[in-house]
$ cat coords-v4.csv   # CSV, C-alpha atoms
chain,number,residue,atom,x,y,z
A,1,MET,CA,98.4,123.6,88.4
A,2,ALA,CA,96.4,120.9,90.0
A,3,ARG,CA,96.1,117.3,88.8
A,4,ALA,CA,92.6,118.1,87.4
A,5,ASP,CA,94.2,120.6,85.1
A,6,LEU,CA,96.7,118.1,83.7
A,7,ALA,CA,93.7,116.1,82.5
A,8,ARG,CA,92.7,119.0,80.3
A,9,GLN,CA,96.0,119.7,78.7
A,10,THR,CA,96.5,119.1,75.0
A,11,CYS,CA,99.3,116.7,75.9
A,12,THR,CA,98.0,113.2,76.1
A,13,ILE,CA,100.9,112.2,78.4
A,14,ALA,CA,99.6,114.8,80.8
A,15,ARG,CA,96.1,113.3,80.5
A,16,ALA,CA,97.4,109.8,81.0
A,17,VAL,CA,99.4,110.7,84.1
A,18,SER,CA,96.6,112.6,85.6
A,19,LEU,CA,94.7,109.3,85.5
A,20,VAL,CA,97.3,106.7,86.3
A,21,GLY,CA,100.4,108.5,87.3
A,22,ASP,CA,100.3,107.6,90.9
A,23,GLU,CA,102.2,104.9,92.7
A,24,TRP,CA,99.2,103.1,94.2
A,25,THR,CA,97.4,103.1,90.9
A,26,PHE,CA,100.4,101.4,89.3
A,27,MET,CA,100.4,98.9,92.2
A,28,ILE,CA,96.7,98.1,91.5
A,29,LEU,CA,97.5,97.6,87.8
A,30,ARG,CA,100.4,95.3,88.7
A,31,GLU,CA,98.2,93.3,90.9
A,32,MET,CA,95.5,93.0,88.3
A,33,PHE,CA,98.0,91.9,85.6
A,34,LEU,CA,99.2,89.2,88.1
A,35,GLY,CA,95.6,88.0,88.3
A,36,GLY,CA,94.3,89.8,91.4
A,37,ARG,CA,90.6,90.9,91.3
A,38,ARG,CA,89.5,91.5,94.8
A,39,PHE,CA,89.8,94.4,97.2
A,40,ASP,CA,91.3,92.2,99.9
A,41,ASP,CA,94.0,90.9,97.5
A,42,PHE,CA,94.9,94.4,96.5
A,43,GLN,CA,95.2,95.5,100.1
A,44,ARG,CA,97.3,92.5,101.2
A,45,GLN,CA,99.6,92.5,98.2
A,46,THR,CA,100.2,96.2,97.8
A,47,GLY,CA,100.1,97.3,101.4
A,48,ALA,CA,97.9,100.3,100.6
A,49,SER,CA,95.3,101.5,103.1
A,50,ALA,CA,91.7,100.7,102.4
A,51,ALA,CA,90.9,104.4,102.0
A,52,LEU,CA,93.7,104.9,99.4
A,53,LEU,CA,92.8,101.8,97.5
A,54,SER,CA,89.1,102.6,97.5
A,55,GLN,CA,89.7,106.1,96.1
A,56,ARG,CA,92.0,104.8,93.3
A,57,LEU,CA,89.6,102.0,92.4
A,58,LYS,CA,86.7,104.4,92.2
A,59,LYS,CA,88.6,106.7,89.9
A,60,LEU,CA,89.8,103.9,87.6
A,61,GLU,CA,86.2,102.6,87.5
A,62,ALA,CA,84.8,106.1,86.7
A,63,GLU,CA,87.3,106.6,83.9
A,64,GLY,CA,86.6,103.2,82.4
A,65,VAL,CA,89.9,101.5,83.1
A,66,ILE,CA,88.4,98.8,85.3
A,67,ARG,CA,84.9,97.6,86.0
A,68,LYS,CA,83.2,96.2,89.0
A,69,GLU,CA,81.4,92.8,88.8
A,70,ALA,CA,79.4,90.9,91.4
A,71,TYR,CA,80.8,87.5,92.0
A,72,SER,CA,78.4,86.6,94.8
A,73,GLU,CA,74.8,87.5,95.3
A,74,ARG,CA,74.2,86.9,99.0
A,75,PRO,CA,76.1,88.6,100.4
A,76,VAL,CA,76.8,90.8,97.4
A,77,ARG,CA,80.5,90.8,96.8
A,78,PHE,CA,82.4,92.5,94.0
A,79,GLU,CA,85.5,91.9,92.1
A,80,TYR,CA,87.4,94.2,89.7
A,81,ARG,CA,88.2,93.4,86.1
A,82,MET,CA,90.1,95.3,83.5
A,83,THR,CA,88.4,96.8,80.6
A,84,ALA,CA,90.0,96.9,77.1
A,85,MET,CA,91.2,100.3,78.1
A,86,GLY,CA,92.8,98.9,81.2
A,87,ARG,CA,94.5,95.9,79.5
A,88,GLU,CA,96.2,98.3,77.1
A,89,LEU,CA,98.1,99.7,80.0
A,90,TRP,CA,100.1,96.5,80.0
A,91,PRO,CA,103.0,98.0,78.0
A,92,ALA,CA,103.3,100.9,80.5
A,93,VAL,CA,103.5,98.5,83.4
A,94,ILE,CA,105.9,96.1,81.7
A,95,THR,CA,108.3,98.9,80.6
A,96,LEU,CA,108.4,100.1,84.2
A,97,LYS,CA,109.0,96.6,85.4
A,98,GLN,CA,111.9,96.1,83.0
A,99,TRP,CA,113.4,99.4,84.0
A,100,GLY,CA,113.1,98.5,87.7
A,101,ASP,CA,114.6,95.1,87.0
A,102,LYS,CA,117.6,96.6,85.3
A,103,TRP,CA,118.2,99.7,87.5
A,104,LEU,CA,116.7,99.0,90.9
A,105,GLY,CA,116.8,95.2,91.2
A,106,ASP,CA,119.3,93.3,93.4
A,107,GLY,CA,119.1,89.8,91.9
A,108,PRO,CA,117.0,87.8,89.5
A,109,ALA,CA,113.8,89.6,88.3
A,110,PRO,CA,110.9,88.8,90.7
A,111,VAL,CA,108.7,88.1,87.7
A,112,GLU,CA,109.6,86.7,84.3
A,113,ILE,CA,107.3,87.0,81.3
A,114,VAL,CA,106.5,84.0,79.2
A,115,HIS,CA,105.2,84.7,75.7
A,116,LYS,CA,102.3,82.3,75.5
A,117,SER,CA,102.4,81.8,71.7
A,118,CYS,CA,106.1,81.1,71.3
A,119,GLY,CA,106.6,79.6,74.8
A,120,HIS,CA,109.8,81.5,75.6
A,121,VAL,CA,110.7,83.7,78.5
A,122,THR,CA,110.8,87.1,76.8
A,123,GLU,CA,112.0,90.6,77.4
A,124,PRO,CA,109.4,92.5,75.4
A,125,GLN,CA,111.0,95.4,73.6
A,126,MET,CA,109.8,98.6,71.8
A,127,THR,CA,110.2,98.2,68.0
A,128,CYS,CA,109.4,100.5,65.2
A,129,SER,CA,106.0,99.8,63.6
A,130,GLU,CA,107.4,100.6,60.2
A,131,CYS,CA,110.8,98.9,59.9
A,132,GLY,CA,110.6,96.5,62.9
A,133,GLU,CA,113.9,97.6,64.4
A,134,PRO,CA,114.2,98.1,68.2
A,135,MET,CA,113.8,101.7,69.3
A,136,ALA,CA,115.3,103.7,72.2
A,137,ALA,CA,115.2,107.4,73.1
A,138,HIS,CA,118.0,108.4,70.8
A,139,ASP,CA,116.2,106.8,67.8
A,140,ALA,CA,113.1,108.9,68.2
A,141,GLU,CA,112.5,112.4,67.0
A,142,PRO,CA,109.3,114.0,68.4
A,143,ARG,CA,107.3,116.0,65.9
A,144,LEU,CA,104.8,118.4,67.5
A,145,SER,CA,101.4,119.0,66.1
A,146,GLU,CA,100.6,122.6,65.3
A,147,PRO,CA,98.1,123.1,68.1
A,148,PHE,CA,100.5,121.6,70.7
A,149,ASP,CA,103.4,123.6,69.4
A,150,THR,CA,101.3,126.8,69.5
A,151,GLU,CA,100.3,126.0,73.1
A,152,ARG,CA,103.9,125.5,74.1
A,153,GLN,CA,105.0,128.7,72.5
A,154,ALA,CA,102.3,130.6,74.4
A,155,MET,CA,103.4,129.0,77.7
A,156,ARG,CA,107.0,130.0,77.0
A,157,LYS,CA,105.9,133.7,76.6
A,158,ASN,CA,103.5,133.7,79.5
A,159,SER,CA,106.0,133.7,82.2
B,1,MET,CA,102.6,101.5,103.8
B,2,ALA,CA,104.5,104.6,102.9
B,3,ARG,CA,106.2,105.4,99.6
B,4,ALA,CA,109.6,104.7,101.1
B,5,ASP,CA,108.4,101.1,101.8
B,6,LEU,CA,107.5,100.5,98.2
B,7,ALA,CA,111.2,101.2,97.4
B,8,ARG,CA,112.2,98.3,99.5
B,9,GLN,CA,109.8,95.7,98.2
B,10,THR,CA,111.0,92.7,96.2
B,11,CYS,CA,108.8,93.8,93.3
B,12,THR,CA,110.8,96.0,90.9
B,13,ILE,CA,107.6,97.7,89.7
B,14,ALA,CA,107.0,98.8,93.3
B,15,ARG,CA,110.6,100.1,93.4
B,16,ALA,CA,110.2,101.9,90.0
B,17,VAL,CA,106.9,103.6,90.9
B,18,SER,CA,108.3,104.7,94.3
B,19,LEU,CA,110.9,106.6,92.2
B,20,VAL,CA,108.9,107.8,89.1
B,21,GLY,CA,105.3,106.9,89.8
B,22,ASP,CA,104.2,110.5,90.2
B,23,GLU,CA,102.5,112.8,87.8
B,24,TRP,CA,105.0,115.6,88.0
B,25,THR,CA,107.9,113.3,87.6
B,26,PHE,CA,106.4,112.0,84.4
B,27,MET,CA,105.8,115.6,83.2
B,28,ILE,CA,109.5,116.4,83.8
B,29,LEU,CA,110.5,113.2,81.9
B,30,ARG,CA,108.1,114.2,79.0
B,31,GLU,CA,109.7,117.7,79.0
B,32,MET,CA,113.2,116.3,78.9
B,33,PHE,CA,112.4,113.9,76.1
B,34,LEU,CA,111.1,116.9,74.2
B,35,GLY,CA,114.5,118.5,74.7
B,36,GLY,CA,113.9,120.7,77.8
B,37,ARG,CA,116.8,121.1,80.1
B,38,ARG,CA,116.2,124.1,82.3
B,39,PHE,CA,114.2,124.6,85.4
B,40,ASP,CA,112.3,127.6,83.9
B,41,ASP,CA,111.3,125.4,80.9
B,42,PHE,CA,110.0,122.7,83.1
B,43,GLN,CA,108.0,125.2,85.2
B,44,ARG,CA,106.5,127.0,82.1
B,45,GLN,CA,105.7,123.9,80.2
B,46,THR,CA,104.4,121.6,83.0
B,47,GLY,CA,102.6,124.2,85.1
B,48,ALA,CA,104.2,122.7,88.3
B,49,SER,CA,105.1,125.0,91.2
B,50,ALA,CA,108.7,125.7,91.8
B,51,ALA,CA,108.6,123.8,95.1
B,52,LEU,CA,107.1,120.7,93.5
B,53,LEU,CA,109.5,120.7,90.6
B,54,SER,CA,112.5,121.3,92.8
B,55,GLN,CA,111.6,118.4,95.1
B,56,ARG,CA,111.1,116.0,92.1
B,57,LEU,CA,114.4,117.1,90.4
B,58,LYS,CA,116.4,116.6,93.6
B,59,LYS,CA,115.0,113.1,94.0
B,60,LEU,CA,115.7,112.2,90.4
B,61,GLU,CA,119.2,113.5,90.7
B,62,ALA,CA,119.8,111.7,94.0
B,63,GLU,CA,118.7,108.4,92.4
B,64,GLY,CA,120.8,108.8,89.3
B,65,VAL,CA,118.0,109.4,86.7
B,66,ILE,CA,119.2,112.9,85.8
B,67,ARG,CA,122.3,115.0,86.4
B,68,LYS,CA,122.9,118.7,86.9
B,69,GLU,CA,125.4,120.4,84.8
B,70,ALA,CA,126.6,124.0,84.8
B,71,TYR,CA,126.0,125.8,81.5
B,72,SER,CA,127.2,129.2,82.7
B,73,GLU,CA,129.9,130.1,85.1
B,74,ARG,CA,129.1,133.7,86.0
B,75,PRO,CA,126.4,133.6,87.2
B,76,VAL,CA,126.5,129.9,87.8
B,77,ARG,CA,123.5,128.4,86.1
B,78,PHE,CA,122.5,124.8,85.8
B,79,GLU,CA,120.7,122.6,83.4
B,80,TYR,CA,119.4,119.0,83.8
B,81,ARG,CA,120.5,116.2,81.6
B,82,MET,CA,119.3,112.6,81.5
B,83,THR,CA,121.7,109.8,82.5
B,84,ALA,CA,121.6,106.4,80.7
B,85,MET,CA,119.2,105.3,83.5
B,86,GLY,CA,116.9,108.2,82.7
B,87,ARG,CA,117.0,107.7,78.9
B,88,GLU,CA,115.8,104.2,79.5
B,89,LEU,CA,112.6,105.5,80.8
B,90,TRP,CA,111.7,106.5,77.3
B,91,PRO,CA,109.6,103.3,76.7
B,92,ALA,CA,107.6,104.0,79.9
B,93,VAL,CA,106.8,107.5,78.7
B,94,ILE,CA,106.0,106.5,75.1
B,95,THR,CA,103.7,103.7,76.1
B,96,LEU,CA,101.7,106.2,78.3
B,97,LYS,CA,101.7,108.7,75.5
B,98,GLN,CA,100.3,106.1,73.1
B,99,TRP,CA,97.7,105.0,75.6
B,100,GLY,CA,96.7,108.6,76.2
B,101,ASP,CA,96.5,109.2,72.4
B,102,LYS,CA,94.2,106.3,72.0
B,103,TRP,CA,92.0,106.5,75.0
B,104,LEU,CA,92.1,110.1,76.2
B,105,GLY,CA,92.9,112.1,73.0
B,106,ASP,CA,90.3,114.2,71.2
B,107,GLY,CA,92.0,114.7,67.8
B,108,PRO,CA,95.3,114.0,66.1
B,109,ALA,CA,98.1,113.1,68.5
B,110,PRO,CA,99.9,116.2,69.9
B,111,VAL,CA,103.3,114.5,69.2
B,112,GLU,CA,104.3,112.1,66.4
B,113,ILE,CA,107.4,110.0,66.7
B,114,VAL,CA,109.7,109.9,63.8
B,115,HIS,CA,112.1,106.9,63.7
B,116,LYS,CA,115.4,108.6,62.8
B,117,SER,CA,117.0,105.6,61.1
B,118,CYS,CA,114.1,104.6,58.8
B,119,GLY,CA,112.6,108.1,58.5
B,120,HIS,CA,109.0,107.1,59.0
B,121,VAL,CA,106.4,108.3,61.5
B,122,THR,CA,106.2,105.3,63.8
B,123,GLU,CA,104.0,103.8,66.5
B,124,PRO,CA,106.5,101.9,68.5
B,125,GLN,CA,105.1,98.6,69.7
B,126,MET,CA,106.0,96.0,72.3
B,127,THR,CA,107.3,92.9,70.6
B,128,CYS,CA,108.6,89.6,71.9
B,129,SER,CA,112.4,89.5,72.1
B,130,GLU,CA,112.4,85.8,71.1
B,131,CYS,CA,110.0,85.5,68.2
B,132,GLY,CA,109.5,89.2,67.2
B,133,GLU,CA,105.7,89.1,67.3
B,134,PRO,CA,103.8,92.0,68.9
B,135,MET,CA,102.7,91.4,72.5
B,136,ALA,CA,99.8,92.5,74.5
B,137,ALA,CA,98.5,91.7,78.0
B,138,HIS,CA,96.8,88.4,76.9
B,139,ASP,CA,99.9,87.1,75.3
B,140,ALA,CA,101.9,87.3,78.5
B,141,GLU,CA,102.1,84.9,81.4
B,142,PRO,CA,103.8,86.1,84.5
B,143,ARG,CA,106.1,83.6,86.1
B,144,LEU,CA,107.0,84.5,89.7
B,145,SER,CA,110.4,83.9,91.2
B,146,GLU,CA,110.5,81.7,94.3
B,147,PRO,CA,111.4,84.6,96.7
B,148,PHE,CA,108.6,86.9,95.3
B,149,ASP,CA,106.1,84.0,95.4
B,150,THR,CA,107.0,83.2,99.0
B,151,GLU,CA,106.7,86.9,99.9
B,152,ARG,CA,103.3,87.1,98.3
B,153,GLN,CA,102.1,83.9,100.1
B,154,ALA,CA,103.1,85.4,103.4
B,155,MET,CA,101.2,88.6,102.7
B,156,ARG,CA,98.1,86.6,101.8
B,157,LYS,CA,98.3,84.9,105.2
B,158,ASN,CA,99.2,87.9,107.3
B,159,SER,CA,95.9,89.6,107.1

$ encode --input "coords-v4.csv" --output "structure tokens"
Amino acid sequence: MARADLARQTCTIARAVSLVGDEWTFMILREMFLGGRRFDDFQRQTGASAALLSQRLKKLEAEGVIRKEAYSERPVRFEYRMTAMGRELWPAVITLKQWGDKWLGDGPAPVEIVHKSCGHVTEPQMTCSECGEPMAAHDAEPRLSEPFDTERQAMRKNS
Amino acid sequence: MARADLARQTCTIARAVSLVGDEWTFMILREMFLGGRRFDDFQRQTGASAALLSQRLKKLEAEGVIRKEAYSERPVRFEYRMTAMGRELWPAVITLKQWGDKWLGDGPAPVEIVHKSCGHVTEPQMTCSECGEPMAAHDAEPRLSEPFDTERQAMRKNS
């Protein structure tokens, strides 16, 4: 199955990873959440080649995650901004950062997050929208929709 | 810069994505959070080739994200279980799911999450560990550590 096929699966995780489940894409997102907007910044700070970056940026733009905006007329120069869709990837990037800090770090975290409204350094956490308690894997029970369940049963038999 | 170099960066997001920032790895994680444990299940449900799956599973095992356990002696057969390190990737997978549900879905979500302790269908959300309020990208201000800031300044000049 190719990446393009993941984008057509019923599973929305499959669709999401077919769009952003790529190391260089995550590095671009990191850079944009740190305030980076220009191709040169992305290249310098991520170490990705121009060709890799260009391909990822084009895809993110085509899918509506980022947009290109001229910041100079002569010569015409562009920068990249996140759309609302892109900004909502923040939790995905932060949860990976926190996981990396805990399991792969070798000292103080390279980036702390300050919560602007309360002013404290924060460790954002996943909490239940209904009762407000923190949630981890063992607190969650997945409940499959009928179409997804049917699709999965078919896949089980098809092999 | 190759993937291996990302693993050595100061940035813990870079380290995390060098380990799990890959679409098939996310599909394996999805499958394991849905209860899958066996190679055959992964192959049937994700559509990945045996070679791709095998390479990803080996890497996840070597890095401590999953472990292999014999479930049958004759013939010897193995299944894969998540370690504590692996289970803590749950927020990263759930946030991608939620993003996919909202931005890439075309109907009801394929999977609902039930919070076992309160019994409700939940939309886990990122909240501030200090004040408890929900947090999104615009609520967060990144504060760079001195070593990371120095590294980034050097990268800015080096090009």

$ calpha_fit_and_write --input "coords-v4.csv" --fixed "chain B" --moving "chain A" --output "JSON list (two decimals) with C-alpha atoms, in the coordinates of the input"
[["chain", "number", "residue", "atom", "x", "y", "z"],
["A", 1, "MET", "CA", 102.66, 101.50, 103.76],
["A", 2, "ALA", "CA", 104.46, 104.63, 102.82],
["A", 3, "ARG", "CA", 106.16, 105.34, 99.49],
["A", 4, "ALA", "CA", 109.58, 104.70, 101.14],
["A", 5, "ASP", "CA", 108.47, 101.18, 101.83],
["A", 6, "LEU", "CA", 107.52, 100.49, 98.22],
["A", 7, "ALA", "CA", 111.15, 101.18, 97.35],
["A", 8, "ARG", "CA", 112.17, 98.23, 99.49],
["A", 9, "GLN", "CA", 109.76, 95.70, 98.19],
["A", 10, "THR", "CA", 111.00, 92.70, 96.24],
["A", 11, "CYS", "CA", 108.81, 93.84, 93.35],
["A", 12, "THR", "CA", 110.78, 95.96, 90.99],
["A", 13, "ILE", "CA", 107.56, 97.62, 89.72],
["A", 14, "ALA", "CA", 107.03, 98.80, 93.26],
["A", 15, "ARG", "CA", 110.61, 100.14, 93.32],
["A", 16, "ALA", "CA", 110.18, 101.84, 89.99],
["A", 17, "VAL", "CA", 106.93, 103.54, 90.97],
["A", 18, "SER", "CA", 108.26, 104.66, 94.23],
["A", 19, "LEU", "CA", 110.82, 106.59, 92.18],
["A", 20, "VAL", "CA", 108.90, 107.79, 89.17],
["A", 21, "GLY", "CA", 105.32, 107.01, 89.76],
["A", 22, "ASP", "CA", 104.16, 110.50, 90.24],
["A", 23, "GLU", "CA", 102.47, 112.78, 87.77],
["A", 24, "TRP", "CA", 104.94, 115.66, 87.98],
["A", 25, "THR", "CA", 107.87, 113.33, 87.62],
["A", 26, "PHE", "CA", 106.35, 111.97, 84.41],
["A", 27, "MET", "CA", 105.81, 115.59, 83.26],
["A", 28, "ILE", "CA", 109.54, 116.32, 83.86],
["A", 29, "LEU", "CA", 110.49, 113.21, 81.87],
["A", 30, "ARG", "CA", 108.19, 114.27, 79.03],
["A", 31, "GLU", "CA", 109.73, 117.64, 78.97],
["A", 32, "MET", "CA", 113.24, 116.27, 78.96],
["A", 33, "PHE", "CA", 112.45, 113.84, 76.10],
["A", 34, "LEU", "CA", 111.08, 116.89, 74.15],
["A", 35, "GLY", "CA", 114.46, 118.55, 74.68],
["A", 36, "GLY", "CA", 113.85, 120.69, 77.78],
["A", 37, "ARG", "CA", 116.84, 121.06, 80.20],
["A", 38, "ARG", "CA", 116.21, 124.04, 82.33],
["A", 39, "PHE", "CA", 114.20, 124.66, 85.47],
["A", 40, "ASP", "CA", 112.36, 127.58, 83.89],
["A", 41, "ASP", "CA", 111.32, 125.44, 80.87],
["A", 42, "PHE", "CA", 110.03, 122.74, 83.14],
["A", 43, "GLN", "CA", 108.01, 125.21, 85.15],
["A", 44, "ARG", "CA", 106.50, 126.98, 82.11],
["A", 45, "GLN", "CA", 105.73, 123.83, 80.16],
["A", 46, "THR", "CA", 104.40, 121.63, 82.92],
["A", 47, "GLY", "CA", 102.72, 124.21, 85.10],
["A", 48, "ALA", "CA", 104.19, 122.72, 88.28],
["A", 49, "SER", "CA", 105.12, 124.96, 91.20],
["A", 50, "ALA", "CA", 108.76, 125.68, 91.77],
["A", 51, "ALA", "CA", 108.66, 123.84, 95.10],
["A", 52, "LEU", "CA", 107.15, 120.68, 93.50],
["A", 53, "LEU", "CA", 109.52, 120.73, 90.61],
["A", 54, "SER", "CA", 112.55, 121.32, 92.81],
["A", 55, "GLN", "CA", 111.68, 118.37, 95.06],
["A", 56, "ARG", "CA", 111.16, 115.99, 92.08],
["A", 57, "LEU", "CA", 114.36, 117.14, 90.39],
["A", 58, "LYS", "CA", 116.35, 116.62, 93.55],
["A", 59, "LYS", "CA", 115.03, 113.12, 93.95],
["A", 60, "LEU", "CA", 115.66, 112.14, 90.31],
["A", 61, "GLU", "CA", 119.18, 113.59, 90.66],
["A", 62, "ALA", "CA", 119.82, 111.67, 93.93],
["A", 63, "GLU", "CA", 118.65, 108.41, 92.39],
["A", 64, "GLY", "CA", 120.77, 108.89, 89.29],
["A", 65, "VAL", "CA", 118.04, 109.40, 86.73],
["A", 66, "ILE", "CA", 119.16, 112.90, 85.79],
["A", 67, "ARG", "CA", 122.24, 114.96, 86.45],
["A", 68, "LYS", "CA", 122.86, 118.60, 86.96],
["A", 69, "GLU", "CA", 125.40, 120.46, 84.75],
["A", 70, "ALA", "CA", 126.58, 124.06, 84.83],
["A", 71, "TYR", "CA", 126.00, 125.78, 81.57],
["A", 72, "SER", "CA", 127.18, 129.19, 82.73],
["A", 73, "GLU", "CA", 129.89, 130.14, 85.14],
["A", 74, "ARG", "CA", 129.05, 133.71, 86.12],
["A", 75, "PRO", "CA", 126.37, 133.62, 87.24],
["A", 76, "VAL", "CA", 126.42, 129.88, 87.82],
["A", 77, "ARG", "CA", 123.43, 128.41, 86.10],
["A", 78, "PHE", "CA", 122.48, 124.75, 85.82],
["A", 79, "GLU", "CA", 120.70, 122.61, 83.41],
["A", 80, "TYR", "CA", 119.43, 119.02, 83.77],
["A", 81, "ARG", "CA", 120.41, 116.12, 81.56],
["A", 82, "MET", "CA", 119.32, 112.55, 81.52],
["A", 83, "THR", "CA", 121.61, 109.84, 82.53],
["A", 84, "ALA", "CA", 121.62, 106.41, 80.78],
["A", 85, "MET", "CA", 119.27, 105.37, 83.51],
["A", 86, "GLY", "CA", 116.97, 108.23, 82.70],
["A", 87, "ARG", "CA", 116.96, 107.73, 78.89],
["A", 88, "GLU", "CA", 115.84, 104.15, 79.42],
["A", 89, "LEU", "CA", 112.62, 105.47, 80.80],
["A", 90, "TRP", "CA", 111.71, 106.42, 77.26],
["A", 91, "PRO", "CA", 109.60, 103.27, 76.68],
["A", 92, "ALA", "CA", 107.56, 103.98, 79.85],
["A", 93, "VAL", "CA", 106.82, 107.50, 78.70],
["A", 94, "ILE", "CA", 106.05, 106.53, 75.11],
["A", 95, "THR", "CA", 103.67, 103.69, 76.13],
["A", 96, "LEU", "CA", 101.79, 106.16, 78.31],
["A", 97, "LYS", "CA", 101.69, 108.63, 75.50],
["A", 98, "GLN", "CA", 100.27, 106.07, 73.08],
["A", 99, "TRP", "CA", 97.69, 105.01, 75.60],
["A", 100, "GLY", "CA", 96.67, 108.64, 76.19],
["A", 101, "ASP", "CA", 96.54, 109.22, 72.46],
["A", 102, "LYS", "CA", 94.22, 106.31, 71.93],
["A", 103, "TRP", "CA", 91.98, 106.59, 75.05],
["A", 104, "LEU", "CA", 92.08, 110.19, 76.21],
["A", 105, "GLY", "CA", 92.86, 112.17, 73.04],
["A", 106, "ASP", "CA", 90.27, 114.26, 71.14],
["A", 107, "GLY", "CA", 91.98, 114.65, 67.75],
["A", 108, "PRO", "CA", 95.32, 114.08, 66.12],
["A", 109, "ALA", "CA", 98.14, 113.07, 68.56],
["A", 110, "PRO", "CA", 99.90, 116.23, 69.87],
["A", 111, "VAL", "CA", 103.23, 114.58, 69.18],
["A", 112, "GLU", "CA", 104.21, 112.11, 66.49],
["A", 113, "ILE", "CA", 107.37, 110.02, 66.68],
["A", 114, "VAL", "CA", 109.71, 109.83, 63.76],
["A", 115, "HIS", "CA", 112.10, 106.88, 63.72],
["A", 116, "LYS", "CA", 115.35, 108.57, 62.81],
["A", 117, "SER", "CA", 116.95, 105.55, 61.07],
["A", 118, "CYS", "CA", 114.06, 104.57, 58.83],
["A", 119, "GLY", "CA", 112.58, 108.10, 58.52],
["A", 120, "HIS", "CA", 108.96, 107.07, 59.08],
["A", 121, "VAL", "CA", 106.41, 108.28, 61.55],
["A", 122, "THR", "CA", 106.13, 105.25, 63.82],
["A", 123, "GLU", "CA", 103.92, 103.83, 66.50],
["A", 124, "PRO", "CA", 106.52, 101.94, 68.51],
["A", 125, "GLN", "CA", 105.10, 98.66, 69.71],
["A", 126, "MET", "CA", 106.05, 95.97, 72.32],
["A", 127, "THR", "CA", 107.37, 92.82, 70.54],
["A", 128, "CYS", "CA", 108.61, 89.60, 71.89],
["A", 129, "SER", "CA", 112.42, 89.45, 72.15],
["A", 130, "GLU", "CA", 112.38, 85.83, 71.12],
["A", 131, "CYS", "CA", 109.98, 85.47, 68.18],
["A", 132, "GLY", "CA", 109.55, 89.17, 67.23],
["A", 133, "GLU", "CA", 105.77, 89.08, 67.31],
["A", 134, "PRO", "CA", 103.81, 92.00, 68.88],
["A", 135, "MET", "CA", 102.77, 91.37, 72.47],
["A", 136, "ALA", "CA", 99.75, 92.52, 74.52],
["A", 137, "ALA", "CA", 98.50, 91.61, 78.00],
["A", 138, "HIS", "CA", 96.73, 88.47, 76.93],
["A", 139, "ASP", "CA", 99.96, 87.13, 75.30],
["A", 140, "ALA", "CA", 101.95, 87.31, 78.49],
["A", 141, "GLU", "CA", 102.05, 84.83, 81.31],
["A", 142, "PRO", "CA", 103.86, 86.12, 84.45],
["A", 143, "ARG", "CA", 106.11, 83.60, 86.13],
["A", 144, "LEU", "CA", 107.01, 84.50, 89.73],
["A", 145, "SER", "CA", 110.40, 83.92, 91.16],
["A", 146, "GLU", "CA", 110.48, 81.79, 94.28],
["A", 147, "PRO", "CA", 111.39, 84.59, 96.67],
["A", 148, "PHE", "CA", 108.61, 86.86, 95.28],
["A", 149, "ASP", "CA", 106.09, 84.08, 95.35],
["A", 150, "THR", "CA", 107.05, 83.24, 98.96],
["A", 151, "GLU", "CA", 106.65, 86.92, 99.89],
["A", 152, "ARG", "CA", 103.23, 87.06, 98.33],
["A", 153, "GLN", "CA", 102.09, 83.94, 100.05],
["A", 154, "ALA", "CA", 103.17, 85.38, 103.41],
["A", 155, "MET", "CA", 101.27, 88.63, 102.70],
["A", 156, "ARG", "CA", 98.15, 86.64, 101.84],
["A", 157, "LYS", "CA", 98.31, 84.88, 105.29],
["A", 158, "ASN", "CA", 99.22, 87.97, 107.25],
["A", 159, "SER", "CA", 95.93, 89.61, 107.13]]

$ closest_residue --input "coords-v4.csv" --among "B:Tyr71, B:His115, B:Gln153, B:Trp103" --to "Leu89 of chain A" --atoms "all atoms listed in the file"
B:Trp103

$ residues_near_point --input "coords-v4.csv" --point "(93.3, 92.3, 95.8)" --cutoff "12 Å" --atoms "all atoms listed in the file" --output "PyMOL selection string"
(chain A and resi 27-50+53-54+57+78-81) or (chain B and resi 152+155-156+159)

$ residues_around --input "coords-v4.csv" --residues "Thr10 of chain A" --least-positions-apart "2" --cutoff "12 Å" --atoms "only C-alpha atoms" --output "count of residues only"
31

$ atom_distance --input "coords-v4.csv" --atom1 "atom CA of Thr122 of chain A" --atom2 "atom CA of Glu133 of chain B"
11.0 Å

$ residues_around --input "coords-v4.csv" --residues "Met82 of chain B" --least-positions-apart "6" --cutoff "7 Å" --atoms "only C-alpha atoms" --output "VMD selection string"
chain B and resid 65 to 67
